[in-house]
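Q: Please find input-v5.cif (mmCIF, C-alpha atoms) on the next line:
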```cif
data_work
loop_
_atom_site.label_atom_id
_atom_site.label_comp_id
_atom_site.auth_asym_id
_atom_site.auth_seq_id
_atom_site.Cartn_x
_atom_site.Cartn_y
_atom_site.Cartn_z
CA MET V 1 -2.58 96.45 44.66
CA GLU V 2 -2.79 98.19 47.97
CA THR V 3 -5.40 96.99 50.39
CA PRO V 4 -7.67 99.66 51.72
CA PRO V 5 -6.82 100.31 55.38
CA GLN V 6 -10.42 99.88 56.58
CA ARG V 7 -10.36 96.17 55.83
CA ASN V 8 -8.86 95.03 59.13
CA ALA V 9 -11.32 97.09 61.10
CA ASN V 10 -14.10 95.38 59.19
CA MET V 11 -12.78 91.89 59.92
CA ALA V 12 -12.91 92.61 63.63
CA GLN V 13 -16.54 93.36 63.24
CA ILE V 14 -17.40 90.27 61.22
CA PHE V 15 -16.03 87.89 63.85
CA HIS V 16 -17.28 88.57 67.31
CA ARG V 17 -14.85 88.40 70.18
CA SER V 18 -16.37 85.12 71.42
CA THR V 19 -14.99 83.45 68.28
CA ASN V 20 -11.61 83.33 70.01
CA PHE V 21 -13.05 81.16 72.74
CA ILE V 22 -15.05 79.03 70.35
CA SER V 23 -12.03 78.32 68.17
CA ARG V 24 -9.90 77.29 71.14
CA PHE V 25 -12.70 75.26 72.63
CA SER V 26 -13.33 73.43 69.37
CA LEU V 27 -9.67 72.37 69.25
CA PHE V 28 -10.06 70.53 72.55
CA ALA V 29 -13.54 69.35 71.71
CA GLY V 30 -12.15 67.92 68.48
CA ILE V 31 -9.53 65.86 70.31
CA PHE V 32 -12.13 64.73 72.80
CA LEU V 33 -14.62 63.74 70.10
CA ALA V 34 -11.96 61.84 68.13
CA GLY V 35 -11.11 59.90 71.29
CA LEU V 36 -14.75 59.23 71.93
CA ALA V 37 -15.27 57.99 68.37
CA LEU V 38 -12.26 55.68 68.63
CA THR V 39 -13.52 54.26 71.92
CA GLY V 40 -16.92 53.79 70.34
CA VAL V 41 -15.58 51.93 67.32
CA LEU V 42 -13.33 49.68 69.41
CA GLY V 43 -16.14 49.07 71.87
CA LEU V 44 -18.49 48.15 69.06
CA ALA V 45 -15.96 45.71 67.60
CA ARG V 46 -15.89 43.95 70.98
CA SER V 47 -19.62 44.04 71.47
CA PRO V 48 -21.78 40.94 71.05
CA TYR V 49 -23.15 42.58 67.91
CA PHE V 50 -19.85 41.91 66.16
CA THR V 51 -18.40 39.00 68.12
CA ARG V 52 -21.82 37.32 68.13
CA GLN V 53 -21.33 36.21 71.68
CA ASN V 54 -24.52 34.77 73.20
CA VAL V 55 -26.41 34.93 69.91
CA THR V 56 -28.36 31.84 68.85
CA ARG V 57 -29.01 31.09 65.19
CA SER V 58 -31.92 29.50 63.53
CA GLN V 59 -30.82 26.04 62.38
CA PRO V 60 -32.49 23.76 59.84
CA VAL V 61 -33.33 21.46 62.78
CA GLN V 62 -33.65 23.08 66.20
CA PHE V 63 -31.14 20.68 67.70
CA SER V 64 -30.94 20.89 71.48
CA HIS V 65 -27.71 20.08 73.34
CA LYS V 66 -29.72 20.45 76.53
CA HIS V 67 -31.86 17.43 75.64
CA HIS V 68 -29.16 15.27 74.09
CA VAL V 69 -26.30 16.04 76.48
CA GLY V 70 -27.98 17.36 79.62
CA ASP V 71 -31.01 15.06 79.73
CA ASP V 72 -29.89 12.00 77.76
CA GLY V 73 -26.24 12.13 78.79
CA ILE V 74 -24.77 11.44 75.35
CA ASP V 75 -21.00 11.98 75.27
CA CYS V 76 -19.67 14.81 73.09
CA ARG V 77 -17.42 12.38 71.21
CA TYR V 78 -20.40 10.32 70.08
CA CYS V 79 -21.22 13.18 67.73
CA HIS V 80 -18.07 15.35 67.59
CA THR V 81 -15.92 12.37 66.77
CA SER V 82 -12.67 14.02 65.77
CA VAL V 83 -12.28 16.40 68.71
CA GLU V 84 -9.43 14.41 70.26
CA THR V 85 -7.50 13.67 67.11
CA SER V 86 -7.93 16.56 64.73
CA ALA V 87 -7.98 20.34 64.47
CA THR V 88 -11.73 20.37 63.97
CA ALA V 89 -14.25 18.80 66.32
CA GLY V 90 -16.54 17.94 63.43
CA ILE V 91 -20.31 18.03 63.08
CA PRO V 92 -22.00 14.59 63.07
CA GLN V 93 -23.06 12.94 59.86
CA THR V 94 -26.77 12.49 59.25
CA LYS V 95 -26.33 8.77 59.86
CA THR V 96 -25.45 9.50 63.51
CA CYS V 97 -28.80 11.17 64.10
CA MET V 98 -30.59 8.40 62.25
CA SER V 99 -29.02 5.74 64.45
CA CYS V 100 -31.44 6.91 67.14
CA HIS V 101 -34.08 8.83 65.23
CA SER V 102 -34.94 6.03 62.83
CA VAL V 103 -36.76 4.61 65.85
CA LEU V 104 -37.14 7.60 68.20
CA PHE V 105 -39.54 10.35 67.05
CA ASN V 106 -39.32 8.78 63.61
CA ASN V 107 -42.42 10.51 62.27
CA VAL V 108 -42.41 13.98 63.84
CA GLY V 109 -42.38 16.94 61.46
CA TYR V 110 -39.41 18.82 62.85
CA LEU V 111 -37.09 15.89 62.14
CA GLU V 112 -38.14 15.76 58.49
CA PRO V 113 -34.98 17.63 57.26
CA ILE V 114 -32.91 14.80 58.76
CA ARG V 115 -34.93 12.04 57.17
CA GLU V 116 -34.91 13.91 53.90
CA SER V 117 -31.14 14.33 54.05
CA TYR V 118 -30.77 10.62 54.67
CA ARG V 119 -33.13 9.76 51.80
CA THR V 120 -31.76 12.17 49.21
CA ASP V 121 -28.10 12.01 50.26
CA ALA V 122 -27.99 15.84 50.51
CA SER V 123 -26.21 17.28 53.57
CA ILE V 124 -27.92 19.30 56.27
CA GLU V 125 -26.55 22.84 56.25
CA TRP V 126 -25.90 23.88 59.85
CA VAL V 127 -25.20 27.55 60.47
CA LYS V 128 -21.68 27.87 61.88
CA VAL V 129 -21.84 29.29 65.40
CA HIS V 130 -18.17 29.56 66.38
CA ARG V 131 -16.18 31.16 63.70
CA LEU V 132 -12.54 32.20 63.82
CA ALA V 133 -11.05 34.36 61.09
CA ASP V 134 -9.29 32.40 58.36
CA TYR V 135 -5.91 33.79 59.39
CA VAL V 136 -6.08 32.11 62.80
CA TYR V 137 -4.98 28.53 63.35
CA PHE V 138 -6.86 26.70 66.04
CA ASN V 139 -6.54 23.06 66.99
CA HIS V 140 -8.92 21.13 69.22
CA SER V 141 -6.82 18.03 69.75
CA ILE V 142 -3.96 19.73 71.60
CA HIS V 143 -6.29 21.64 73.92
CA VAL V 144 -8.33 18.57 74.75
CA SER V 145 -5.38 16.24 75.21
CA LYS V 146 -3.55 18.72 77.46
CA GLY V 147 -6.61 18.95 79.68
CA VAL V 148 -8.56 22.06 78.65
CA GLY V 149 -12.24 21.15 78.96
CA CYS V 150 -15.00 21.89 76.47
CA SER V 151 -16.94 23.98 78.97
CA THR V 152 -13.98 26.34 79.55
CA CYS V 153 -14.33 27.54 75.98
CA HIS V 154 -17.88 26.63 75.00
CA GLY V 155 -19.69 27.23 78.30
CA ARG V 156 -22.43 25.03 79.75
CA VAL V 157 -23.32 23.28 76.50
CA ASP V 158 -25.51 20.84 78.46
CA GLN V 159 -27.80 23.74 79.37
CA MET V 160 -28.14 25.21 75.89
CA PRO V 161 -31.46 24.53 74.16
CA LEU V 162 -29.87 26.20 71.13
CA MET V 163 -26.14 26.49 70.60
CA PHE V 164 -24.54 29.90 71.15
CA GLN V 165 -21.02 31.20 71.52
CA ALA V 166 -20.28 31.64 75.23
CA ASN V 167 -17.00 33.56 74.83
CA THR V 168 -15.85 36.43 72.65
CA LEU V 169 -13.30 34.38 70.64
CA LEU V 170 -11.28 37.58 70.36
CA MET V 171 -7.52 37.32 70.30
CA GLN V 172 -7.46 38.77 73.79
CA TRP V 173 -9.52 35.84 75.01
CA CYS V 174 -7.10 33.26 73.59
CA LEU V 175 -4.13 35.14 75.07
CA ASP V 176 -5.73 35.51 78.51
CA CYS V 177 -5.58 31.74 78.80
CA HIS V 178 -2.28 31.16 77.00
CA ARG V 179 -0.67 33.47 79.56
CA ASN V 180 -2.10 31.60 82.56
CA THR V 181 -2.73 28.09 81.33
CA GLU V 182 -2.55 26.68 84.86
CA MET V 183 -5.92 28.21 85.70
CA ALA V 184 -7.67 26.14 83.01
CA LEU V 185 -6.01 22.73 83.28
CA ARG V 186 -8.16 19.86 84.57
CA PRO V 187 -7.65 16.22 85.39
CA LEU V 188 -7.78 14.45 82.01
CA ASP V 189 -10.93 12.51 82.92
CA LYS V 190 -12.83 15.74 83.59
CA VAL V 191 -12.38 17.27 80.12
CA TYR V 192 -15.95 16.41 79.10
CA ASP V 193 -17.38 17.26 82.51
CA MET V 194 -19.64 20.24 81.99
CA ALA V 195 -19.91 21.04 85.71
CA TRP V 196 -16.17 21.21 86.47
CA ARG V 197 -15.10 24.23 88.52
CA PRO V 198 -11.53 25.28 89.32
CA ALA V 199 -10.55 24.20 92.83
CA ALA V 200 -9.53 26.71 95.50
CA ASN V 201 -5.86 25.87 95.02
CA GLN V 202 -6.15 25.67 91.23
CA ALA V 203 -2.97 27.70 90.62
CA GLU V 204 -0.96 25.14 92.56
CA ILE V 205 -2.57 22.06 90.96
CA GLY V 206 -2.36 23.77 87.57
CA ARG V 207 1.39 24.32 87.84
CA GLN V 208 1.78 20.66 88.66
CA TYR V 209 -0.25 19.63 85.57
CA LYS V 210 1.74 22.06 83.52
CA ALA V 211 4.97 20.34 84.47
CA GLU V 212 3.52 16.83 84.04
CA ARG V 213 2.06 17.58 80.61
CA ASN V 214 5.08 19.47 79.24
CA ILE V 215 3.09 22.60 78.58
CA ARG V 216 5.21 25.33 77.11
CA ASN V 217 5.78 28.68 78.82
CA THR V 218 3.90 31.90 78.23
CA SER V 219 6.33 33.44 75.77
CA GLU V 220 6.11 30.46 73.44
CA LEU V 221 2.34 30.14 73.70
CA SER V 222 1.74 33.84 73.09
CA SER V 223 4.18 34.18 70.22
CA CYS V 224 2.38 35.34 67.11
CA SER V 225 3.34 32.38 64.97
CA THR V 226 1.61 29.95 67.32
CA CYS V 227 -1.77 31.07 66.06
CA HIS V 228 -0.94 33.03 62.91
CA ARG V 229 1.05 30.64 60.78
CA MET Z 1 -7.12 101.73 41.81
CA ASP Z 2 -7.82 104.73 39.73
CA GLY Z 3 -5.69 107.03 41.85
CA MET Z 4 -2.76 104.64 41.66
CA SER Z 5 -2.76 104.25 37.91
CA ASP Z 6 -3.17 107.96 37.42
CA HIS Z 7 -0.15 108.63 39.51
CA LYS Z 8 2.05 106.19 37.61
CA HIS Z 9 0.77 107.44 34.34
CA SER Z 10 1.81 110.97 35.10
CA SER Z 11 5.29 109.90 36.22
CA SER Z 12 5.96 108.11 32.92
CA GLY Z 13 4.38 111.02 31.06
CA LEU Z 14 6.96 113.32 32.60
CA LEU Z 15 9.43 112.39 29.86
CA LYS Z 16 10.21 115.67 28.18
CA PRO Z 17 10.73 116.02 24.42
CA GLU Z 18 14.39 116.52 23.40
CA PRO Z 19 15.49 120.07 22.59
CA SER Z 20 15.54 119.09 18.93
CA GLY Z 21 11.79 118.92 19.14
CA PHE Z 22 11.68 115.14 18.41
CA VAL Z 23 10.54 112.60 20.92
CA THR Z 24 13.37 110.08 21.03
CA GLU Z 25 11.66 107.62 23.35
CA THR Z 26 7.97 107.01 23.28
CA PRO Z 27 6.75 106.12 26.77
CA LYS Z 28 6.43 102.30 26.99
CA PRO Z 29 3.18 101.07 28.46
CA ASP Z 30 3.81 100.03 32.04
CA PRO Z 31 3.04 96.27 32.24
CA ASP Z 32 1.91 96.62 35.87
CA VAL Z 33 -0.68 99.18 35.05
CA ASP Z 34 -3.96 98.14 33.57
CA ASN Z 35 -4.84 101.11 31.45
CA HIS Z 36 -7.27 99.57 28.99
CA PRO Z 37 -10.27 101.65 28.09
CA PRO Z 38 -13.11 100.94 30.52
CA ASN Z 39 -15.23 98.03 29.33
CA ALA Z 40 -18.98 97.88 29.40
CA GLU Z 41 -19.15 96.67 32.95
CA GLU Z 42 -16.91 99.26 34.43
CA ARG Z 43 -18.67 101.91 32.45
CA GLU Z 44 -21.96 100.68 33.84
CA LEU Z 45 -20.66 100.97 37.38
CA ARG Z 46 -19.31 104.40 36.76
CA GLU Z 47 -22.52 105.45 35.14
CA TYR Z 48 -24.20 104.99 38.46
CA PRO Z 49 -22.02 106.87 40.90
CA LEU Z 50 -22.90 106.65 44.54
CA ASP Z 51 -25.59 109.16 45.34
CA LEU Z 52 -25.14 109.99 49.00
CA ALA Z 53 -28.59 111.52 49.32
CA VAL Z 54 -30.23 108.29 48.13
CA VAL Z 55 -28.06 106.28 50.43
CA ARG Z 56 -29.08 108.44 53.37
CA THR Z 57 -32.78 108.03 52.70
CA LYS Z 58 -32.33 104.27 52.37
CA LEU Z 59 -30.47 104.11 55.65
CA ALA Z 60 -32.77 106.45 57.49
CA ASP Z 61 -34.95 103.73 59.02
CA LYS Z 62 -32.12 101.25 59.66
CA GLN Z 63 -30.79 100.84 63.17
CA GLY Z 64 -28.83 98.45 65.39
CA LYS Z 65 -25.74 96.44 64.41
CA GLN Z 66 -25.27 95.79 60.77
CA TYR Z 67 -22.01 94.86 59.18
CA TRP Z 68 -21.06 96.13 55.77
CA ARG Z 69 -18.01 96.58 53.67
CA THR Z 70 -18.96 99.36 51.33
CA LEU Z 71 -21.61 101.98 51.21
CA GLU Z 72 -22.90 100.37 48.02
CA GLU Z 73 -23.47 97.13 49.82
CA LEU Z 74 -25.15 98.83 52.74
CA SER Z 75 -27.53 100.75 50.55
CA ASP Z 76 -28.47 97.64 48.58
CA ASP Z 77 -27.47 99.10 45.26
CA PRO Z 78 -28.86 96.76 42.55
CA HIS Z 79 -25.93 97.37 40.20
CA PHE Z 80 -23.50 96.60 42.91
CA SER Z 81 -25.21 93.38 43.97
CA ASP Z 82 -25.30 92.37 40.32
CA LEU Z 83 -21.56 92.92 40.16
CA LEU Z 84 -21.10 90.91 43.36
CA HIS Z 85 -22.80 87.86 41.93
CA ARG Z 86 -20.35 87.71 39.06
CA GLU Z 87 -17.22 86.45 40.73
CA PHE Z 88 -15.03 87.26 37.76
CA PRO Z 89 -16.70 90.32 36.27
CA ARG Z 90 -14.33 90.69 33.37
CA ALA Z 91 -14.30 87.04 32.36
CA ALA Z 92 -17.19 84.72 31.76
CA SER Z 93 -19.46 84.00 34.67
CA GLU Z 94 -18.70 80.93 36.69
CA TRP Z 95 -19.94 77.64 35.27
CA ASP Z 96 -21.59 76.45 38.42
CA GLU Z 97 -23.67 73.50 37.22
CA SER Z 98 -20.65 71.20 37.08
CA VAL Z 99 -18.62 69.60 39.87
CA ASP Z 100 -16.02 72.24 40.51
CA ARG Z 101 -12.54 71.76 41.88
CA ARG Z 102 -13.55 72.18 45.52
CA ASP Z 103 -16.42 69.74 45.29
CA PHE Z 104 -14.21 67.33 43.42
CA LEU Z 105 -11.59 67.48 46.17
CA LYS Z 106 -14.29 67.08 48.81
CA LEU Z 107 -15.68 64.00 47.08
CA MET Z 108 -12.28 62.42 46.57
CA GLY Z 109 -11.29 63.17 50.17
CA ALA Z 110 -14.47 61.62 51.48
CA SER Z 111 -14.14 58.52 49.33
CA LEU Z 112 -10.52 58.06 50.41
CA ALA Z 113 -11.39 58.50 54.06
CA LEU Z 114 -14.32 56.11 53.85
CA ALA Z 115 -12.58 53.50 51.70
CA GLY Z 116 -11.53 51.60 54.81
CA MET Z 117 -15.13 51.36 55.93
CA ALA Z 118 -15.67 48.67 53.32
CA GLY Z 119 -13.90 46.30 55.71
CA CYS Z 120 -16.32 47.03 58.53
CA GLY Z 121 -19.55 45.26 59.17
CA LYS Z 122 -20.62 41.89 60.36
CA PRO Z 123 -19.09 38.89 58.65
CA SER Z 124 -21.67 36.90 56.74
CA GLU Z 125 -22.98 33.55 57.94
CA GLN Z 126 -21.08 30.41 57.07
CA TYR Z 127 -22.41 26.89 56.98
CA ILE Z 128 -21.10 23.55 58.11
CA VAL Z 129 -22.05 20.87 55.64
CA PRO Z 130 -21.34 17.48 57.23
CA TYR Z 131 -21.43 14.09 55.58
CA VAL Z 132 -24.66 12.18 55.24
CA LYS Z 133 -22.75 8.92 55.53
CA GLN Z 134 -19.17 9.49 56.50
CA PRO Z 135 -16.63 7.10 54.86
CA GLU Z 136 -15.09 4.53 57.23
CA GLY Z 137 -11.78 5.58 58.70
CA LEU Z 138 -12.12 9.25 57.78
CA VAL Z 139 -11.24 11.74 60.52
CA LEU Z 140 -12.68 15.18 59.82
CA GLY Z 141 -9.94 17.73 59.27
CA LYS Z 142 -7.27 15.11 58.58
CA PRO Z 143 -6.07 14.12 55.11
CA GLN Z 144 -6.33 10.54 53.86
CA HIS Z 145 -3.80 8.87 51.60
CA TYR Z 146 -4.89 6.44 48.92
CA ALA Z 147 -2.44 4.08 47.25
CA THR Z 148 -3.26 3.85 43.57
CA VAL Z 149 -1.70 3.43 40.17
CA MET Z 150 -1.45 5.99 37.43
CA ALA Z 151 -1.33 4.79 33.83
CA PHE Z 152 1.08 6.95 31.88
CA GLY Z 153 3.15 6.39 28.72
CA GLY Z 154 2.31 2.69 28.60
CA ASP Z 155 3.56 2.28 32.14
CA ALA Z 156 1.93 2.11 35.55
CA LEU Z 157 3.28 4.44 38.22
CA GLY Z 158 2.52 3.64 41.83
CA VAL Z 159 1.39 6.80 43.63
CA LEU Z 160 -0.14 8.01 46.90
CA VAL Z 161 -2.94 10.55 46.57
CA GLU Z 162 -3.61 12.92 49.47
CA SER Z 163 -7.26 13.69 49.87
CA HIS Z 164 -9.10 16.14 52.11
CA GLU Z 165 -12.71 15.08 52.68
CA GLY Z 166 -12.81 13.56 49.22
CA ARG Z 167 -10.89 16.33 47.46
CA PRO Z 168 -7.52 15.25 46.00
CA THR Z 169 -4.79 17.81 46.65
CA LYS Z 170 -1.40 16.16 46.09
CA ILE Z 171 0.15 13.18 44.29
CA GLU Z 172 3.41 11.67 45.47
CA GLY Z 173 5.22 8.45 44.60
CA ASN Z 174 4.45 5.36 46.64
CA PRO Z 175 7.70 4.24 48.30
CA GLU Z 176 6.42 0.68 48.45
CA HIS Z 177 5.63 0.41 44.75
CA PRO Z 178 8.49 -0.94 42.58
CA SER Z 179 7.79 1.32 39.59
CA SER Z 180 8.11 4.59 41.53
CA LEU Z 181 9.92 3.82 44.83
CA GLY Z 182 8.56 7.12 46.17
CA ALA Z 183 9.53 9.24 43.22
CA THR Z 184 7.38 11.03 40.66
CA ASP Z 185 7.93 13.06 37.53
CA VAL Z 186 6.40 16.36 36.50
CA PHE Z 187 3.53 14.61 34.73
CA ALA Z 188 2.54 12.73 37.84
CA GLN Z 189 2.78 15.91 39.92
CA ALA Z 190 0.53 17.72 37.47
CA ALA Z 191 -1.92 14.83 37.23
CA VAL Z 192 -3.75 16.08 40.32
CA LEU Z 193 -5.30 18.74 38.13
CA ASP Z 194 -6.75 16.04 35.85
CA LEU Z 195 -8.70 14.73 38.80
CA TRP Z 196 -10.63 18.00 39.00
CA VAL Z 197 -11.90 17.89 35.42
CA ASN Z 198 -15.74 17.86 35.25
#
```
In structure tokens, how does this file's structure come out?
A:
Amino acid sequence: METPPQRNANMAQIFHRSTNFISRFSLFAGIFLAGLALTGVLGLARSPYFTRQNVTRSQPVQFSHKHHVGDDGIDCRYCHTSVETSATAGIPQTKTCMSCHSVLFNNVGYLEPIRESYRTDASIEWVKVHRLADYVYFNHSIHVSKGVGCSTCHGRVDQMPLMFQANTLLMQWCLDCHRNTEMALRPLDKVYDMAWRPAANQAEIGRQYKAERNIRNTSELSSCSTCHR
Amino acid sequence: MDGMSDHKHSSSGLLKPEPSGFVTETPKPDPDVDNHPPNAEERELREYPLDLAVVRTKLADKQGKQYWRTLEELSDDPHFSDLLHREFPRAASEWDESVDRRDFLKLMGASLALAGMAGCGKPSEQYIVPYVKQPEGLVLGKPQHYATVMAFGGDALGVLVESHEGRPTKIEGNPEHPSSLGATDVFAQAAVLDLWVN
């Protein structure tokens, strides 16, 4: 059928002239908003809300590294026994706590979950603080034995009344170090030293350690199959 | 529409009878032209032709910008607005209680677009459940191997069982045992599943 000729004239009236501007403007605004949304999502994924950086959890026993490590000077390996030999550092058995707390504070209320665990042979359930995705392979023993200290990755544990995650544990964080390992390498007897700071000429000393300890180059350490196997 | 069909009609009606007085070809109805008798609806509309005087009085007190497509619309003709609300006047009215095609597409589009969102959100808490009394010689995260003997078919097969924190995962022959010398058969390989019963 023929369209009546008035129709086009009517359309011009329905849409005001400013619609031209609005439609062009909304094209650019759309691109801008999409970019903003993407930035927002990526930013959120890196925020402490999702990485849980600096977030403490409520544990069955409010265990304090500050008291046990900072004040009492107990070595990490006394409790995290497998850190030098295995992929996991390990959380101490109840018996380890009882070796001291059967005599120390042996009747205070907040240690009751430990005594109960020891009596009933049921494990304490600690909330996991550091948590890598299942598709990532991480190994403590190689980092520790090549001279990367606990505090480089876990922060000042001796000053933490409650454990929290000091770094993001994002892939970027792992790669930042794997690309410049020399900046993190320490003398082997300083691995458990919480107060260690890189020296002024760390890059130089680090390169020396790197050669001594046969540490592989950047391309090997940042190849995908190193961590995703 | 009416003018068009009238015009075509007359052109096909121009066929003249033959001199013999007989019509040799009856005019075929043109398939493009809808020349059915007006139905109730169309009759209704035609029964109320536009009365310009009424329209004028209705428009008398209107002023300023107002957009309209037809005089009927402008004058708020009740028959016309009734016709407008029936999208398909000749067919049944639209069944608008159901999810129609557009809504269906909208819903499906939205669910597709948001399907990936299921992967977002904080991961749930996990727990570390350590030993109460850790077995001697066990290193957390490392497997242990136990030398043992498996009774099968009246024989004893010397095997090594790999165990992760008390959970057996693999059975292999014990190279130092004379009955296996490091080898196993399918039954011994499958026997690890027996260890998980109960």
Q: Could you pull the residues within 8 Å of region 127-129 of chain Z, counting only C-alpha atoms, minus those fewer than 4 positions along the same chain, as a VMD selection string?
A: chain V and resid 91 123 to 128
Q: Can you work out which one of V:Glu84, V:Asp71, V:Glu112, V:Asp121 has the shortest atom-to-atom distance to chain Z, counting all atoms listed in the file?
A: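 Looking at the shortest contact to chain Z, the residue is V:Asp121.
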Q: Just how far from CA of Lys142 (chain Z) is CA of Pro175 (chain Z), in Å to one decimal?
A: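 Distance reported for this atom pair: 21.2 Å.
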Q: Could you list, as a ChimeraX atom specification, the residues of chain Z having an atom within 8 Å of chain V when counting only C-alpha atoms?
A: /Z:1,67-69,121-122,125-134,139-142
Q: Excluding same-chain residues fewer than 3 positions from region 158-170 of chain V, what lies within 8 Å of it counting only C-alpha atoms, as a PyMOL selection string?
A: chain V and resi 46+48+51-57+62-70+129-130+132+153-155+173-174+194
